[in-house]
>>> print(open('query38.cif').read())   # mmCIF, C-alpha atoms and all ligand atoms
data_target
loop_
_atom_site.group_PDB
_atom_site.id
_atom_site.type_symbol
_atom_site.label_atom_id
_atom_site.label_comp_id
_atom_site.auth_asym_id
_atom_site.auth_seq_id
_atom_site.Cartn_x
_atom_site.Cartn_y
_atom_site.Cartn_z
ATOM 1 C CA MET A 666 22.369 -271.041 74.140
ATOM 2 C CA GLN A 667 19.012 -270.142 75.661
ATOM 3 C CA PHE A 668 20.598 -267.024 77.087
ATOM 4 C CA ARG A 669 21.806 -265.970 73.649
ATOM 5 C CA HIS A 670 18.296 -266.386 72.263
ATOM 6 C CA ALA A 671 17.053 -264.167 75.069
ATOM 7 C CA LEU A 672 19.644 -261.531 74.176
ATOM 8 C CA LEU A 673 18.677 -261.651 70.484
ATOM 9 C CA LEU A 674 15.031 -261.044 71.359
ATOM 10 C CA LYS A 675 16.063 -258.276 73.712
ATOM 11 C CA ALA A 676 17.975 -256.630 70.833
ATOM 12 C CA ILE A 677 14.933 -256.832 68.531
ATOM 13 C CA ALA A 678 12.724 -255.283 71.211
ATOM 14 C CA PHE A 679 15.338 -252.598 71.994
ATOM 15 C CA ALA A 680 15.760 -251.628 68.321
ATOM 16 C CA ALA A 681 11.984 -251.652 67.709
ATOM 17 C CA GLU A 682 11.489 -249.267 70.619
ATOM 18 C CA LYS A 683 14.308 -246.943 69.529
ATOM 19 C CA HIS A 684 13.238 -246.787 65.866
ATOM 20 C CA ARG A 685 9.486 -246.738 66.621
ATOM 21 C CA HIS A 686 8.835 -243.297 65.089
ATOM 22 C CA GLN A 687 11.019 -243.833 62.004
ATOM 23 C CA ARG A 688 10.171 -245.007 58.508
ATOM 24 C CA ARG A 689 12.286 -246.126 55.547
ATOM 25 C CA LYS A 690 12.536 -243.980 52.404
ATOM 26 C CA ASP A 691 10.621 -246.368 50.125
ATOM 27 C CA PRO A 692 7.345 -245.041 48.648
ATOM 28 C CA GLU A 693 5.311 -246.989 51.201
ATOM 29 C CA ALA A 694 7.418 -245.658 54.101
ATOM 30 C CA SER A 695 7.966 -249.112 55.619
ATOM 31 C CA PRO A 696 8.611 -249.292 59.383
ATOM 32 C CA TYR A 697 12.332 -248.670 60.005
ATOM 33 C CA ILE A 698 12.699 -251.783 62.181
ATOM 34 C CA ASN A 699 12.220 -253.971 59.083
ATOM 35 C CA HIS A 700 15.704 -252.877 57.985
ATOM 36 C CA PRO A 701 17.772 -254.101 60.986
ATOM 37 C CA ILE A 702 15.710 -257.305 61.036
ATOM 38 C CA ASP A 703 16.501 -257.750 57.318
ATOM 39 C CA LEU A 704 20.226 -257.519 58.071
ATOM 40 C CA ALA A 705 20.083 -260.205 60.758
ATOM 41 C CA ASN A 706 17.974 -262.387 58.502
ATOM 42 C CA VAL A 707 20.376 -262.066 55.548
ATOM 43 C CA LEU A 708 23.318 -262.881 57.829
ATOM 44 C CA VAL A 709 21.651 -266.051 59.182
ATOM 45 C CA GLN A 710 19.620 -267.354 56.233
ATOM 46 C CA GLU A 711 21.847 -266.397 53.306
ATOM 47 C CA GLY A 712 25.273 -265.794 54.830
ATOM 48 C CA ARG A 713 24.956 -268.708 57.296
ATOM 49 C CA VAL A 714 26.526 -266.532 59.977
ATOM 50 C CA ARG A 715 26.120 -268.146 63.399
ATOM 51 C CA ASP A 716 27.839 -265.597 65.622
ATOM 52 C CA THR A 717 25.141 -264.190 67.908
ATOM 53 C CA THR A 718 27.219 -261.117 68.739
ATOM 54 C CA VAL A 719 27.264 -260.183 65.050
ATOM 55 C CA LEU A 720 23.492 -260.715 64.796
ATOM 56 C CA ILE A 721 22.817 -258.561 67.857
ATOM 57 C CA ALA A 722 25.093 -255.831 66.491
ATOM 58 C CA ALA A 723 23.230 -256.025 63.146
ATOM 59 C CA LEU A 724 19.889 -255.554 64.912
ATOM 60 C CA LEU A 725 21.281 -252.513 66.727
ATOM 61 C CA HIS A 726 23.508 -251.157 63.955
ATOM 62 C CA ASP A 727 21.564 -247.939 63.276
ATOM 63 C CA THR A 728 20.564 -247.071 66.858
ATOM 64 C CA LEU A 729 23.543 -244.783 67.553
ATOM 65 C CA GLU A 730 23.432 -243.064 64.162
ATOM 66 C CA ASP A 731 19.685 -242.585 63.813
ATOM 67 C CA THR A 732 18.204 -242.506 67.343
ATOM 68 C CA GLN A 733 19.014 -240.952 70.735
ATOM 69 C CA THR A 734 20.650 -244.183 71.975
ATOM 70 C CA THR A 735 24.049 -243.740 73.658
ATOM 71 C CA PRO A 736 27.055 -246.093 73.567
ATOM 72 C CA ASP A 737 26.769 -246.523 77.365
ATOM 73 C CA GLU A 738 23.182 -247.663 76.995
ATOM 74 C CA LEU A 739 24.245 -250.318 74.468
ATOM 75 C CA ALA A 740 27.084 -251.485 76.717
ATOM 76 C CA ALA A 741 24.794 -251.745 79.759
ATOM 77 C CA ALA A 742 22.188 -253.773 77.883
ATOM 78 C CA PHE A 743 24.365 -255.858 75.509
ATOM 79 C CA GLY A 744 27.979 -255.558 76.633
ATOM 80 C CA GLY A 745 31.061 -253.704 75.459
ATOM 81 C CA GLU A 746 31.744 -255.839 72.382
ATOM 82 C CA VAL A 747 28.325 -255.127 70.853
ATOM 83 C CA ARG A 748 28.718 -251.429 71.690
ATOM 84 C CA ASP A 749 32.104 -251.346 69.960
ATOM 85 C CA ILE A 750 30.854 -253.072 66.790
ATOM 86 C CA VAL A 751 27.924 -250.653 66.536
ATOM 87 C CA LEU A 752 30.313 -247.726 67.102
ATOM 88 C CA GLU A 753 32.499 -249.025 64.265
ATOM 89 C CA VAL A 754 29.609 -248.935 61.776
ATOM 90 C CA THR A 755 28.277 -245.563 62.969
ATOM 91 C CA ASP A 756 28.973 -242.468 60.846
ATOM 92 C CA ASN A 757 29.935 -239.222 62.545
ATOM 93 C CA LYS A 758 26.822 -237.159 61.872
ATOM 94 C CA LYS A 759 28.656 -233.919 62.623
ATOM 95 C CA LEU A 760 30.402 -234.345 59.275
ATOM 96 C CA LYS A 761 28.880 -233.431 55.928
ATOM 97 C CA LYS A 762 27.257 -236.253 53.989
ATOM 98 C CA HIS A 763 29.926 -236.471 51.265
ATOM 99 C CA LYS A 764 32.658 -236.621 53.922
ATOM 100 C CA ARG A 765 30.851 -239.408 55.806
ATOM 101 C CA LYS A 766 30.558 -241.379 52.561
ATOM 102 C CA GLU A 767 34.243 -240.831 51.799
ATOM 103 C CA LEU A 768 35.200 -242.029 55.295
ATOM 104 C CA GLN A 769 33.174 -245.237 54.929
ATOM 105 C CA VAL A 770 35.313 -246.114 51.906
ATOM 106 C CA LYS A 771 38.514 -245.150 53.716
ATOM 107 C CA HIS A 772 37.726 -246.909 57.014
ATOM 108 C CA GLY A 773 36.156 -250.074 55.562
ATOM 109 C CA PRO A 774 39.397 -252.063 55.244
ATOM 110 C CA HIS A 775 40.318 -251.288 58.865
ATOM 111 C CA LEU A 776 37.077 -252.399 60.535
ATOM 112 C CA THR A 777 37.085 -255.526 62.711
ATOM 113 C CA ARG A 778 35.762 -258.666 61.030
ATOM 114 C CA LYS A 779 32.483 -258.540 62.964
ATOM 115 C CA ALA A 780 31.872 -254.939 61.930
ATOM 116 C CA ARG A 781 32.662 -255.843 58.306
ATOM 117 C CA LEU A 782 29.998 -258.575 58.388
ATOM 118 C CA VAL A 783 27.422 -256.044 59.600
ATOM 119 C CA LYS A 784 28.571 -253.575 56.945
ATOM 120 C CA LEU A 785 28.279 -256.203 54.194
ATOM 121 C CA ALA A 786 24.728 -257.085 55.266
ATOM 122 C CA ASP A 787 23.795 -253.393 55.482
ATOM 123 C CA LYS A 788 24.968 -252.699 51.927
ATOM 124 C CA ILE A 789 23.268 -255.847 50.569
ATOM 125 C CA CYS A 790 19.957 -254.842 52.155
ATOM 126 C CA ASN A 791 20.202 -251.191 51.138
ATOM 127 C CA LEU A 792 20.983 -252.026 47.494
ATOM 128 C CA ARG A 793 18.132 -254.532 47.401
ATOM 129 C CA ASP A 794 15.798 -251.856 48.732
ATOM 130 C CA VAL A 795 16.925 -249.320 46.121
ATOM 131 C CA ALA A 796 16.768 -251.910 43.323
ATOM 132 C CA VAL A 797 13.279 -253.156 44.188
ATOM 133 C CA ASN A 798 11.627 -250.120 45.732
ATOM 134 C CA PRO A 799 13.712 -246.966 45.287
ATOM 135 C CA PRO A 800 13.032 -243.913 47.462
ATOM 136 C CA ALA A 801 10.351 -241.814 45.793
ATOM 137 C CA ARG A 802 12.553 -238.744 45.596
ATOM 138 C CA TRP A 803 15.676 -240.442 44.262
ATOM 139 C CA PRO A 804 16.269 -239.823 40.545
ATOM 140 C CA LEU A 805 18.043 -242.614 38.652
ATOM 141 C CA LYS A 806 21.327 -240.719 38.772
ATOM 142 C CA ARG A 807 21.264 -240.785 42.577
ATOM 143 C CA GLN A 808 20.377 -244.481 42.593
ATOM 144 C CA ILE A 809 23.318 -245.237 40.313
ATOM 145 C CA GLU A 810 25.686 -243.157 42.443
ATOM 146 C CA TYR A 811 24.476 -245.019 45.524
ATOM 147 C CA PHE A 812 25.186 -248.387 43.897
ATOM 148 C CA ASP A 813 28.675 -247.309 42.907
ATOM 149 C CA TRP A 814 29.515 -245.829 46.296
ATOM 150 C CA ALA A 815 28.304 -249.002 48.070
ATOM 151 C CA LYS A 816 30.526 -251.062 45.750
ATOM 152 C CA SER A 817 33.580 -248.969 46.568
ATOM 153 C CA VAL A 818 32.932 -249.558 50.303
ATOM 154 C CA ILE A 819 32.581 -253.318 49.783
ATOM 155 C CA ASP A 820 35.557 -253.547 47.411
ATOM 156 C CA GLY A 821 37.676 -252.291 50.324
ATOM 157 C CA MET A 822 36.739 -255.323 52.429
ATOM 158 C CA ARG A 823 37.027 -258.174 49.896
ATOM 159 C CA GLY A 824 38.105 -261.492 51.357
ATOM 160 C CA THR A 825 36.016 -261.030 54.502
ATOM 161 C CA HIS A 826 33.174 -263.448 53.710
ATOM 162 C CA PRO A 827 32.929 -264.827 50.145
ATOM 163 C CA ARG A 828 29.279 -265.845 50.509
ATOM 164 C CA LEU A 829 28.135 -262.371 51.610
ATOM 165 C CA GLU A 830 30.347 -260.734 48.983
ATOM 166 C CA ALA A 831 28.702 -262.894 46.297
ATOM 167 C CA LEU A 832 25.280 -261.768 47.549
ATOM 168 C CA PHE A 833 26.454 -258.169 47.270
ATOM 169 C CA ASP A 834 27.762 -258.746 43.734
ATOM 170 C CA ALA A 835 24.436 -260.326 42.740
ATOM 171 C CA VAL A 836 22.437 -257.291 43.830
ATOM 172 C CA TYR A 837 25.002 -254.924 42.296
ATOM 173 C CA GLU A 838 24.102 -256.559 38.957
ATOM 174 C CA GLN A 839 20.745 -254.809 39.314
ATOM 175 C CA ARG A 840 22.394 -251.374 39.127
ATOM 176 C CA PRO A 841 20.163 -249.121 36.990
ATOM 177 C CA HIS A 842 21.476 -248.109 33.540
ATOM 178 C CA ALA A 843 19.580 -244.882 32.920
ATOM 179 C CA LEU A 844 22.447 -242.943 31.368
ATOM 180 C CA ARG A 845 23.240 -245.603 28.794
ATOM 181 C CA TRP A 846 19.562 -245.821 27.877
ATOM 182 C CA GLN A 847 19.293 -242.053 27.349
ATOM 183 C CA HIS A 848 22.442 -242.100 25.236
ATOM 184 C CA HIS A 849 20.952 -244.678 22.870
ATOM 185 C CA ALA A 850 17.455 -243.239 22.906
ATOM 186 C CA LYS A 851 18.304 -239.817 21.495
ATOM 187 C CA PRO A 852 19.735 -240.773 18.066
ATOM 188 C CA ALA A 853 16.921 -243.301 17.590
ATOM 189 C CA VAL A 854 14.354 -240.519 17.910
ATOM 190 C CA ARG A 855 16.311 -238.029 15.798
ATOM 191 C CA GLY A 856 17.090 -240.445 12.949
ATOM 192 C CA PRO A 857 13.686 -240.857 11.268
ATOM 193 C CA HIS A 858 13.005 -237.141 11.658
ATOM 194 C CA LEU A 859 16.150 -236.193 9.702
ATOM 195 C CA ARG A 860 15.378 -238.719 6.981
ATOM 196 C CA ARG A 861 11.903 -237.330 6.562
ATOM 197 C CA SER A 862 13.088 -233.733 6.250
ATOM 198 C CA ARG A 863 15.603 -234.707 3.552
ATOM 199 C CA SER A 864 13.076 -236.395 1.272
HETATM 200 MN MN MN A 901 21.525 -249.586 57.975
#
>>> encode(input="query38.cif", output="structure tokens")
Amino acid sequence: MQFRHALLLKAIAFAAEKHRHQRRKDPEASPYINHPIDLANVLVQEGRVRDTTVLIAALLHDTLEDTQTTPDELAAAFGGEVRDIVLEVTDNKKLKKHKRKELQVKHGPHLTRKARLVKLADKICNLRDVAVNPPARWPLKRQIEYFDWAKSVIDGMRGTHPRLEALFDAVYEQRPHALRWQHHAKPAVRGPHLRRSRS
């Protein structure tokens, strides 16, 4: 047990070092490391996940995709299982963005259970971030599309972990409704104007 605690702390330190120059997209540009720590925290505190390998993989989940870290480096420091889980949740950055998003939906159902837990926590945390503190340059349309894409990824892995899926569904409820609002707003503005011109 003590050894596993040591490995968890090692993963936090490793991820903090690798992401040290990166910031999140929120208006305050939060330190990137807050995001992997959020995932591990959601898994433990809200999902009641107790599998240390999953928590370590969550802490490291963006190191291959967003930093210079190599799979061999992960294996040497944390073992082959952690490396493989992180590889499973890593997009191929040589592909165009829309293709990567499409592949997440397609591959979701075929991920190992441990990778699906990391993926669930990642989507919960990302939707919470967009709902509470959206990226400054994201118009509402992009926020809505992000919510819907995340849902299609998660819908492909239903039955993995009901508690985490319920947390995802709860944050999905916060999906913005800009288009509906605009639809209603226009006639309300036009109405009184037309009545006035008729009288
Ligand atoms: Mn992530």
>>> closest_atom_pairs(input="query38.cif", of="chain A", to="ligand MN 901 (chain A)", cutoff="10 Å", atoms="all atoms listed in the file", output="CSV")
residue,atom,partner,partner_atom,distance
A:Tyr697,CA,A:MN901,MN,9.5
A:His700,CA,A:MN901,MN,6.7
A:Pro701,CA,A:MN901,MN,6.6
A:Asp703,CA,A:MN901,MN,9.6
A:Leu704,CA,A:MN901,MN,8.0
A:Ala723,CA,A:MN901,MN,8.4
A:Leu724,CA,A:MN901,MN,9.3
A:Leu725,CA,A:MN901,MN,9.2
A:His726,CA,A:MN901,MN,6.5
A:Asp727,CA,A:MN901,MN,5.6
A:Thr728,CA,A:MN901,MN,9.3
A:Glu730,CA,A:MN901,MN,9.2
A:Asp731,CA,A:MN901,MN,9.3
A:Val754,CA,A:MN901,MN,9.0
A:Thr755,CA,A:MN901,MN,9.3
A:Val783,CA,A:MN901,MN,8.9
A:Lys784,CA,A:MN901,MN,8.2
A:Ala786,CA,A:MN901,MN,8.6
A:Asp787,CA,A:MN901,MN,5.1
A:Lys788,CA,A:MN901,MN,7.6
A:Ile789,CA,A:MN901,MN,9.9
A:Cys790,CA,A:MN901,MN,8.0
A:Asn791,CA,A:MN901,MN,7.1
>>> residues_around(input="query38.cif", residues="stretch 828-844 of chain A", least_positions_apart="2", cutoff="12 Å", atoms="all atoms listed in the file", output="ChimeraX atom specification")
/A:704,707-714,781-797,799,804-826,846-851
>>> residues_near_point(input="query38.cif", point="(22.2, -256.9, 77.4)", cutoff="8 Å", atoms="all atoms listed in the file", output="ChimeraX atom specification")
/A:672,675-676,739-744
>>> axis_aligned_box(input="query38.cif", around="stretch 688-705 of chain A", padding_each_side="6 Å", output="lines of an AutoDock Vina configuration file")
center_x = 12.8
center_y = -252.1
center_z = 55.4
size_x = 26.9
size_y = 28.2
size_z = 25.5
>>> closest_residue(input="query38.cif", among="A:Lys762, A:Lys690, A:Pro696, A:Asp749", to="A:Thr777", atoms="only C-alpha atoms")
A:Asp749
>>> atom_distance(input="query38.cif", atom1="atom CA of A:Asn798", atom2="atom CA of A:Pro692")
7.3 Å
>>> atom_distance(input="query38.cif", atom1="atom CA of A:Arg802", atom2="atom CA of A:Gln687")
17.2 Å
>>> closest_residue(input="query38.cif", among="A:Ile702, A:Val770, A:Val719, A:Leu673", to="A:Glu746", atoms="only C-alpha atoms")
A:Val719
>>> resolve_selection(input="query38.cif", expression="the PyMOL selection byres (((chain A and resi 756) around 9) and not hetatm)", output="PyMOL selection string")
chain A and resi 729-730+752-755+757-760+765-766+768-769
>>> atom_distance(input="query38.cif", atom1="atom CA of A:Arg748", atom2="atom CA of A:Pro736")
5.9 Å
>>> resolve_selection(input="query38.cif", expression="the PyMOL selection byres (((chain A and resi 685) around 12) and not hetatm)", output="PDB file with C-alpha atoms, keeping the file's coordinate frame")
ATOM      1  CA  ILE A 677      14.933-256.832  68.531  1.00  0.00           C
ATOM      2  CA  ALA A 678      12.724-255.283  71.211  1.00  0.00           C
ATOM      3  CA  PHE A 679      15.338-252.598  71.994  1.00  0.00           C
ATOM      4  CA  ALA A 680      15.760-251.628  68.321  1.00  0.00           C
ATOM      5  CA  ALA A 681      11.984-251.652  67.709  1.00  0.00           C
ATOM      6  CA  GLU A 682      11.489-249.267  70.619  1.00  0.00           C
ATOM      7  CA  LYS A 683      14.308-246.943  69.529  1.00  0.00           C
ATOM      8  CA  HIS A 684      13.238-246.787  65.866  1.00  0.00           C
ATOM      9  CA  HIS A 686       8.835-243.297  65.089  1.00  0.00           C
ATOM     10  CA  GLN A 687      11.019-243.833  62.004  1.00  0.00           C
ATOM     11  CA  ARG A 688      10.171-245.007  58.508  1.00  0.00           C
ATOM     12  CA  ARG A 689      12.286-246.126  55.547  1.00  0.00           C
ATOM     13  CA  SER A 695       7.966-249.112  55.619  1.00  0.00           C
ATOM     14  CA  PRO A 696       8.611-249.292  59.383  1.00  0.00           C
ATOM     15  CA  TYR A 697      12.332-248.670  60.005  1.00  0.00           C
ATOM     16  CA  ILE A 698      12.699-251.783  62.181  1.00  0.00           C
ATOM     17  CA  ASN A 699      12.220-253.971  59.083  1.00  0.00           C
ATOM     18  CA  THR A 728      20.564-247.071  66.858  1.00  0.00           C
ATOM     19  CA  ASP A 731      19.685-242.585  63.813  1.00  0.00           C
ATOM     20  CA  THR A 732      18.204-242.506  67.343  1.00  0.00           C
ATOM     21  CA  GLN A 733      19.014-240.952  70.735  1.00  0.00           C
TER      22      GLN A 733
END
>>> decode(input="query38.cif", residues="stretch 698-737 of chain A", atoms="N, CA and C atoms", output="PDB file, in the first residue's frame")
ATOM      1  N   ILE A 698      -1.731  21.224 -15.105  1.00  0.00           N
ATOM      2  CA  ILE A 698      -1.683  20.096 -14.166  1.00  0.00           C
ATOM      3  C   ILE A 698      -2.965  19.978 -13.341  1.00  0.00           C
ATOM      4  N   ASN A 699      -3.696  21.098 -13.179  1.00  0.00           N
ATOM      5  CA  ASN A 699      -4.970  21.014 -12.443  1.00  0.00           C
ATOM      6  C   ASN A 699      -5.914  19.999 -13.092  1.00  0.00           C
ATOM      7  N   HIS A 700      -5.821  19.873 -14.421  1.00  0.00           N
ATOM      8  CA  HIS A 700      -6.749  18.988 -15.140  1.00  0.00           C
ATOM      9  C   HIS A 700      -6.521  17.502 -14.822  1.00  0.00           C
ATOM     10  N   PRO A 701      -5.297  16.968 -14.982  1.00  0.00           N
ATOM     11  CA  PRO A 701      -5.107  15.555 -14.597  1.00  0.00           C
ATOM     12  C   PRO A 701      -5.389  15.300 -13.111  1.00  0.00           C
ATOM     13  N   ILE A 702      -5.067  16.255 -12.262  1.00  0.00           N
ATOM     14  CA  ILE A 702      -5.372  16.078 -10.833  1.00  0.00           C
ATOM     15  C   ILE A 702      -6.887  16.029 -10.624  1.00  0.00           C
ATOM     16  N   ASP A 703      -7.624  16.876 -11.361  1.00  0.00           N
ATOM     17  CA  ASP A 703      -9.094  16.840 -11.304  1.00  0.00           C
ATOM     18  C   ASP A 703      -9.634  15.453 -11.636  1.00  0.00           C
ATOM     19  N   LEU A 704      -9.086  14.848 -12.695  1.00  0.00           N
ATOM     20  CA  LEU A 704      -9.557  13.515 -13.101  1.00  0.00           C
ATOM     21  C   LEU A 704      -9.401  12.517 -11.965  1.00  0.00           C
ATOM     22  N   ALA A 705      -8.196  12.482 -11.380  1.00  0.00           N
ATOM     23  CA  ALA A 705      -7.926  11.517 -10.309  1.00  0.00           C
ATOM     24  C   ALA A 705      -8.844  11.777  -9.120  1.00  0.00           C
ATOM     25  N   ASN A 706      -9.069  13.052  -8.853  1.00  0.00           N
ATOM     26  CA  ASN A 706      -9.929  13.430  -7.734  1.00  0.00           C
ATOM     27  C   ASN A 706     -11.383  13.006  -7.962  1.00  0.00           C
ATOM     28  N   VAL A 707     -11.884  13.223  -9.170  1.00  0.00           N
ATOM     29  CA  VAL A 707     -13.254  12.809  -9.510  1.00  0.00           C
ATOM     30  C   VAL A 707     -13.378  11.285  -9.385  1.00  0.00           C
ATOM     31  N   LEU A 708     -12.370  10.573  -9.887  1.00  0.00           N
ATOM     32  CA  LEU A 708     -12.416   9.105  -9.823  1.00  0.00           C
ATOM     33  C   LEU A 708     -12.487   8.620  -8.372  1.00  0.00           C
ATOM     34  N   VAL A 709     -11.680   9.213  -7.487  1.00  0.00           N
ATOM     35  CA  VAL A 709     -11.632   8.760  -6.091  1.00  0.00           C
ATOM     36  C   VAL A 709     -12.825   9.274  -5.291  1.00  0.00           C
ATOM     37  N   GLN A 710     -13.025  10.606  -5.312  1.00  0.00           N
ATOM     38  CA  GLN A 710     -14.011  11.223  -4.419  1.00  0.00           C
ATOM     39  C   GLN A 710     -15.446  10.971  -4.868  1.00  0.00           C
ATOM     40  N   GLU A 711     -15.681  11.071  -6.178  1.00  0.00           N
ATOM     41  CA  GLU A 711     -17.062  10.967  -6.672  1.00  0.00           C
ATOM     42  C   GLU A 711     -17.364   9.590  -7.256  1.00  0.00           C
ATOM     43  N   GLY A 712     -16.391   9.007  -7.954  1.00  0.00           N
ATOM     44  CA  GLY A 712     -16.625   7.698  -8.555  1.00  0.00           C
ATOM     45  C   GLY A 712     -16.314   6.553  -7.605  1.00  0.00           C
ATOM     46  N   ARG A 713     -15.616   6.863  -6.493  1.00  0.00           N
ATOM     47  CA  ARG A 713     -15.205   5.854  -5.513  1.00  0.00           C
ATOM     48  C   ARG A 713     -14.344   4.765  -6.145  1.00  0.00           C
ATOM     49  N   VAL A 714     -13.580   5.145  -7.148  1.00  0.00           N
ATOM     50  CA  VAL A 714     -12.648   4.205  -7.779  1.00  0.00           C
ATOM     51  C   VAL A 714     -11.453   4.033  -6.839  1.00  0.00           C
ATOM     52  N   ARG A 715     -11.042   2.770  -6.645  1.00  0.00           N
ATOM     53  CA  ARG A 715      -9.947   2.503  -5.710  1.00  0.00           C
ATOM     54  C   ARG A 715      -8.760   1.820  -6.387  1.00  0.00           C
ATOM     55  N   ASP A 716      -8.799   1.725  -7.691  1.00  0.00           N
ATOM     56  CA  ASP A 716      -7.736   1.060  -8.435  1.00  0.00           C
ATOM     57  C   ASP A 716      -6.606   2.056  -8.712  1.00  0.00           C
ATOM     58  N   THR A 717      -5.482   1.870  -8.017  1.00  0.00           N
ATOM     59  CA  THR A 717      -4.384   2.838  -8.135  1.00  0.00           C
ATOM     60  C   THR A 717      -3.846   2.940  -9.563  1.00  0.00           C
ATOM     61  N   THR A 718      -3.861   1.839 -10.287  1.00  0.00           N
ATOM     62  CA  THR A 718      -3.375   1.879 -11.673  1.00  0.00           C
ATOM     63  C   THR A 718      -4.207   2.843 -12.519  1.00  0.00           C
ATOM     64  N   VAL A 719      -5.524   2.830 -12.290  1.00  0.00           N
ATOM     65  CA  VAL A 719      -6.406   3.748 -13.015  1.00  0.00           C
ATOM     66  C   VAL A 719      -6.087   5.195 -12.626  1.00  0.00           C
ATOM     67  N   LEU A 720      -5.860   5.422 -11.335  1.00  0.00           N
ATOM     68  CA  LEU A 720      -5.573   6.790 -10.864  1.00  0.00           C
ATOM     69  C   LEU A 720      -4.247   7.301 -11.432  1.00  0.00           C
ATOM     70  N   ILE A 721      -3.254   6.437 -11.476  1.00  0.00           N
ATOM     71  CA  ILE A 721      -1.955   6.833 -12.038  1.00  0.00           C
ATOM     72  C   ILE A 721      -2.109   7.133 -13.534  1.00  0.00           C
ATOM     73  N   ALA A 722      -2.855   6.281 -14.230  1.00  0.00           N
ATOM     74  CA  ALA A 722      -3.083   6.518 -15.662  1.00  0.00           C
ATOM     75  C   ALA A 722      -3.835   7.837 -15.878  1.00  0.00           C
ATOM     76  N   ALA A 723      -4.787   8.150 -14.978  1.00  0.00           N
ATOM     77  CA  ALA A 723      -5.532   9.413 -15.095  1.00  0.00           C
ATOM     78  C   ALA A 723      -4.590  10.604 -14.928  1.00  0.00           C
ATOM     79  N   LEU A 724      -3.677  10.505 -13.979  1.00  0.00           N
ATOM     80  CA  LEU A 724      -2.723  11.604 -13.750  1.00  0.00           C
ATOM     81  C   LEU A 724      -1.819  11.816 -14.966  1.00  0.00           C
ATOM     82  N   LEU A 725      -1.559  10.720 -15.687  1.00  0.00           N
ATOM     83  CA  LEU A 725      -0.621  10.785 -16.814  1.00  0.00           C
ATOM     84  C   LEU A 725      -1.320  10.840 -18.163  1.00  0.00           C
ATOM     85  N   HIS A 726      -2.666  10.916 -18.169  1.00  0.00           N
ATOM     86  CA  HIS A 726      -3.410  10.608 -19.396  1.00  0.00           C
ATOM     87  C   HIS A 726      -3.120  11.531 -20.573  1.00  0.00           C
ATOM     88  N   ASP A 727      -2.676  12.764 -20.320  1.00  0.00           N
ATOM     89  CA  ASP A 727      -2.404  13.679 -21.435  1.00  0.00           C
ATOM     90  C   ASP A 727      -0.918  13.849 -21.729  1.00  0.00           C
ATOM     91  N   THR A 728      -0.051  13.081 -21.061  1.00  0.00           N
ATOM     92  CA  THR A 728       1.392  13.302 -21.259  1.00  0.00           C
ATOM     93  C   THR A 728       1.858  12.886 -22.655  1.00  0.00           C
ATOM     94  N   LEU A 729       1.302  11.800 -23.201  1.00  0.00           N
ATOM     95  CA  LEU A 729       1.748  11.369 -24.535  1.00  0.00           C
ATOM     96  C   LEU A 729       1.183  12.290 -25.614  1.00  0.00           C
ATOM     97  N   GLU A 730      -0.068  12.713 -25.424  1.00  0.00           N
ATOM     98  CA  GLU A 730      -0.726  13.526 -26.457  1.00  0.00           C
ATOM     99  C   GLU A 730      -0.212  14.963 -26.469  1.00  0.00           C
ATOM    100  N   ASP A 731       0.063  15.513 -25.305  1.00  0.00           N
ATOM    101  CA  ASP A 731       0.323  16.955 -25.220  1.00  0.00           C
ATOM    102  C   ASP A 731       1.732  17.350 -24.778  1.00  0.00           C
ATOM    103  N   THR A 732       2.599  16.368 -24.497  1.00  0.00           N
ATOM    104  CA  THR A 732       3.987  16.713 -24.136  1.00  0.00           C
ATOM    105  C   THR A 732       4.938  15.803 -24.918  1.00  0.00           C
ATOM    106  N   GLN A 733       6.225  15.954 -24.681  1.00  0.00           N
ATOM    107  CA  GLN A 733       7.236  15.166 -25.413  1.00  0.00           C
ATOM    108  C   GLN A 733       7.447  13.778 -24.815  1.00  0.00           C
ATOM    109  N   THR A 734       6.673  13.418 -23.801  1.00  0.00           N
ATOM    110  CA  THR A 734       6.828  12.108 -23.147  1.00  0.00           C
ATOM    111  C   THR A 734       6.671  10.968 -24.146  1.00  0.00           C
ATOM    112  N   THR A 735       7.479   9.911 -23.987  1.00  0.00           N
ATOM    113  CA  THR A 735       7.367   8.736 -24.856  1.00  0.00           C
ATOM    114  C   THR A 735       6.743   7.565 -24.088  1.00  0.00           C
ATOM    115  N   PRO A 736       6.148   6.620 -24.823  1.00  0.00           N
ATOM    116  CA  PRO A 736       5.591   5.427 -24.165  1.00  0.00           C
ATOM    117  C   PRO A 736       6.651   4.669 -23.356  1.00  0.00           C
ATOM    118  N   ASP A 737       7.883   4.590 -23.868  1.00  0.00           N
ATOM    119  CA  ASP A 737       8.953   3.895 -23.142  1.00  0.00           C
ATOM    120  C   ASP A 737       9.242   4.554 -21.795  1.00  0.00           C
TER     121      ASP A 737
END
